[in-house]
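**Q** Here it is, the structure in full.
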Amino acid sequence: MKNYKIAILAGDGIGPEITAEAVKVLKVIEERNDVTFELLPAAFGACAYFESGSAFPHQTKAICDEADAILKGPIGLSHEDSKRIPIDEQPERGALLPLRRRYNTYANFRPVSLPKSLAHFSPLKAEVIGEGIDLVIVRELVGGLYFGEKEMGVNDAGLRYVRETLEYDESQIRQIMQQAFKLASKRRKLLHNIHKSNVLKSSVLWNEVMEEVAKDYPDVQVVNMLVDAAATALCLKPTQFDVMVMENMFGDILSDQGGGILGSLGLMPSACIGPDKAYYEPSHGSAPDIAGKNIANPYSMIGSVAMMLENSFDMEAEAKNVWAAMQGVFADGYSTADLSKPGSGVTMISTVEFGDKVVEKLRQMPKV
Ligand code: NAD
């Protein structure tokens, strides 16, 4: 019997609602396997700030340090409500970036996946989706503009100014490239390197290091693409992509576009992997516009559990069953509000009902 400790950071907005559904799935995984999960809930994000004055309190840090893996819900408030928190304690700056820095979770994997049978979820035409969208965005997660020096003030001319630094060293680029090439060599052996070297010197170094790493993976075909062109290509012909690698901010933006072409950010789970610790979170935010209504799509959170099972606990077969259970619910014609537009033929169910149906499907699957 294996025993794993999982820090549960439910977060803000829809976070607690979709986390509850993910926890239901973890309980069923325990029933079906020789494994126990010790769940360690901890406050993180705006809720933590209002409780304790810190968005990432010491106690939460201690729980995360102790855990074998971390399951994190989205954090953050609406644009207006964010102003209730001092700038440096606002959830991304006060909690999310420090979490990433603490565990050096430099490799962020964001699958963007939609089988042909679910093409009706997407705003793209069925012929654009063809046999289905199945790509992974590999995003560098602890460098670049988001982690560089930041300064705000008033300059000598009396004008307010801001300065933020985009910095990478070659080791940071090499380690994310190695992850991307490794993944590409296990999949279609096709890697799109997304950059902006016509403007940014950081991309010039990025591409140099990419070419050095590429020598170790001669069977992987590399296609270089400017980030602006990649944004268009994702809409016009997403099926040309398999693995895409990019720096932190490009990955933040293009992965939300990934959710857009699928039809909802609710379909976007992710894994954030460091050398010693990994955490798993939906790619999206706390969706304050739909929080508390029992209408959020928990697929992103349950998918993050599937990624945790595979990456942190070597439970690949059970992870596949979780994906299959969720696809099964869709195949039966159900989904949450985000994907059940009028006339789509999809029957709308709540967040809780979606979780219940996934659990029901999972229980019916042969044990591994
Ligand atoms: P968002 O991702 O929360 O929401 C964008 C749109 O997608 C909204 O219409 C929302 O209802 C919808 N959506 C998102 N997840 C959904 C789900 N699971 N099911 C159904 N619909 C879903 O982006 P936002 O509104 O710009 O940001 C809200 C807050 O989240 C902000 O405070 C932002 O800073 C924060 N944020 C946090 C993270 C994180 O925790 N990693 C990531 C992005 C944004």
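Numbering starts fresh at 1 for the residues of each chain in the structure tokens, the chains themselves are lettered A, B, ... in the order given, and ligands are numbered from 1 as they appear.
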Can you check which residues of stretch 113-313 of chain A DSSP gives as strand (DSSP E) on the backbone and send them as JSON, numbers by chain?
**A** {"A": [113, 114, 115, 132, 133, 134, 135, 136, 137, 138, 139, 140, 150, 151, 152, 153, 154, 160, 161, 162, 163, 164, 190, 191, 192, 193, 194, 195, 221, 222, 223, 224, 225, 226, 243, 244, 245, 246, 271, 272, 273, 278, 279, 280]}
**Q** Find the nearest atom pair between each residue of stretch 95-170 of chain A and stretch 305-321 of chain A for residues within 12 Å, count only C-alpha atoms, give distances in Å to one decimal, sort rows by chain and ascending number, and present the table as JSON lines.
**A**
```
{"residue": "A:Asn108", "atom": "CA", "partner": "A:Met307", "partner_atom": "CA", "distance": 11.5}
{"residue": "A:Phe109", "atom": "CA", "partner": "A:Met307", "partner_atom": "CA", "distance": 9.4}
{"residue": "A:Arg110", "atom": "CA", "partner": "A:Met307", "partner_atom": "CA", "distance": 10.1}
{"residue": "A:Pro111", "atom": "CA", "partner": "A:Met307", "partner_atom": "CA", "distance": 10.0}
```
**Q** Quick one: everything within 10 Å of A:Leu145, counting only C-alpha atoms, minus sequence neighbours fewer than 5 positions away in the same chain. Send it as a short mmCIF file (atom, residue, chain, number, x, y, z; two decimals) with N, CA and C atoms, in the first residue's frame.
**A**
```cif
data_model
loop_
_atom_site.label_atom_id
_atom_site.label_comp_id
_atom_site.auth_asym_id
_atom_site.auth_seq_id
_atom_site.Cartn_x
_atom_site.Cartn_y
_atom_site.Cartn_z
N LYS A 150 11.55 44.29 -10.94
CA LYS A 150 10.43 45.20 -11.24
C LYS A 150 10.63 46.50 -10.46
N GLU A 164 10.46 46.71 -16.12
CA GLU A 164 10.45 45.28 -15.81
C GLU A 164 11.48 44.61 -16.70
N THR A 165 12.17 43.63 -16.14
CA THR A 165 13.30 43.05 -16.86
C THR A 165 12.99 41.64 -17.34
N LEU A 166 13.36 41.38 -18.59
CA LEU A 166 13.20 40.03 -19.15
C LEU A 166 14.58 39.40 -19.19
N GLU A 167 14.78 38.38 -18.36
CA GLU A 167 16.11 37.79 -18.27
C GLU A 167 16.03 36.28 -18.33
N TYR A 168 16.90 35.67 -19.11
CA TYR A 168 17.09 34.22 -19.11
C TYR A 168 18.57 33.95 -19.19
N GLU A 247 8.68 30.67 -24.18
CA GLU A 247 9.03 31.28 -22.89
C GLU A 247 7.75 31.63 -22.12
N ASN A 248 7.98 32.10 -20.90
CA ASN A 248 6.91 32.23 -19.92
C ASN A 248 5.68 33.04 -20.39
N MET A 249 5.91 34.28 -20.81
CA MET A 249 4.74 35.12 -21.12
C MET A 249 4.04 34.66 -22.41
#
```
**Q** Taking into account only C-alpha atoms, which residue in the set A:Ile6, A:Gly260, A:Ile85, A:Asp34 is nearest to A:Ile63?
**A**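 Of the candidates, the smallest distance to A:Ile63 is held by A:Ile6.
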**Q** Considering only C-alpha atoms and all ligand atoms, can you say which of A:Thr36, A:Ser335, A:Ser300, A:Ser344 comes closest to ligand 1?
**A**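 Using only C-alpha atoms and all ligand atoms, the shortest distance to ligand 1 belongs to A:Ser300.
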**Q** Excluding A:Asp289 and residues on its chain fewer than 3 positions from it, collect all residues at most 9 Å away from it, counting only C-alpha atoms, and give them as an NGL selection string.
**A** :A and (13 or 78 or 286)
**Q** Report as a PyMOL selection string which protein, DNA and RNA residues come within 9 Å of ligand 1, using only C-alpha atoms and all ligand atoms.
**A** chain A and resi 11-15+18+45-46+72-79+81-82+90-92+96+252+256+259-260+264-268+281-291+295-301+336-339+351
**Q** Stretch 209-271 of chain A near stretch 178-181 of chain A within 9 Å: what's each residue's closest atom pair and its distance in Å to one decimal, counting only C-alpha atoms, ordered by chain then ascending residue number, as CSV?
**A**
```
residue,atom,partner,partner_atom,distance
A:Met210,CA,A:Gln178,CA,8.8
A:Val213,CA,A:Gln178,CA,6.7
A:Ala214,CA,A:Phe181,CA,7.4
A:Asp216,CA,A:Phe181,CA,8.9
A:Tyr217,CA,A:Phe181,CA,6.8
A:Val220,CA,A:Phe181,CA,7.2
A:Val243,CA,A:Ala180,CA,7.2
A:Met244,CA,A:Ala180,CA,7.7
A:Val245,CA,A:Ala180,CA,6.2
```
**Q** What separation in Å, quoted to one decimal, exists between atom CA of A:Val227 and atom CA of A:Leu254?
**A**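 So the two atoms, atom CA of A:Val227 and atom CA of A:Leu254, lie 8.5 Å apart.
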**Q** Give the alpha helix (DSSP H) residues of stretch 86-306 of chain A, as assigned by DSSP on the backbone, as a ChimeraX atom specification.
**A** /A:91,97-102,126-129,170-186,201-214,227-236,248-262,299-306
**Q** If you count only C-alpha atoms, which residues fall within 6 Å of A:Lys196, apart from same-chain ones fewer than 2 positions away, as a compact mmCIF listing (two decimals) with C-alpha atoms, in the first residue's frame?
**A**
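Writing done, so here's part_10.txt:
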```
# COMPACT_ATOMS: atom_id res chain seq x y z
CA ASN A 198 13.13 39.56 -35.00
CA VAL A 199 12.60 41.95 -32.05
CA LEU A 200 13.74 40.40 -28.77
CA SER A 203 14.68 35.07 -28.34
CA LEU A 226 7.27 33.78 -34.58
CA VAL A 227 4.85 34.06 -31.68
```
**Q** Excluding A:Met246 and its own-chain neighbours fewer than 2 positions away, which residues fall within 7 Å of it when counting only C-alpha atoms? Please give them as a ChimeraX atom specification.
**A** /A:138-140,193-195,244,248,250-251
**Q** Rounded to one decimal in Å, what is the spacing between atom CA of A:Leu114 and atom CA of A:Ile129?
**A**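 Atom CA of A:Leu114 sits 8.4 Å away from atom CA of A:Ile129.
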**Q** Using atom CA of A:Leu190 and atom CA of A:Glu212 as the two end points, give the distance in Å to one decimal.
**A**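 The value is 16.5 Å.
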**Q** Near A:Tyr334, within 12 Å and counting only C-alpha atoms, which residues show up once chain neighbours fewer than 6 positions away are dropped, as a ChimeraX atom specification?
**A** /A:118,121,297,326-328,340-341,344-351,353-358
**Q** For A:Pro238, which residue among A:Val368, A:Ala184, A:Leu124, A:Cys272 is the nearest when counting only C-alpha atoms?
**A** A:Leu124
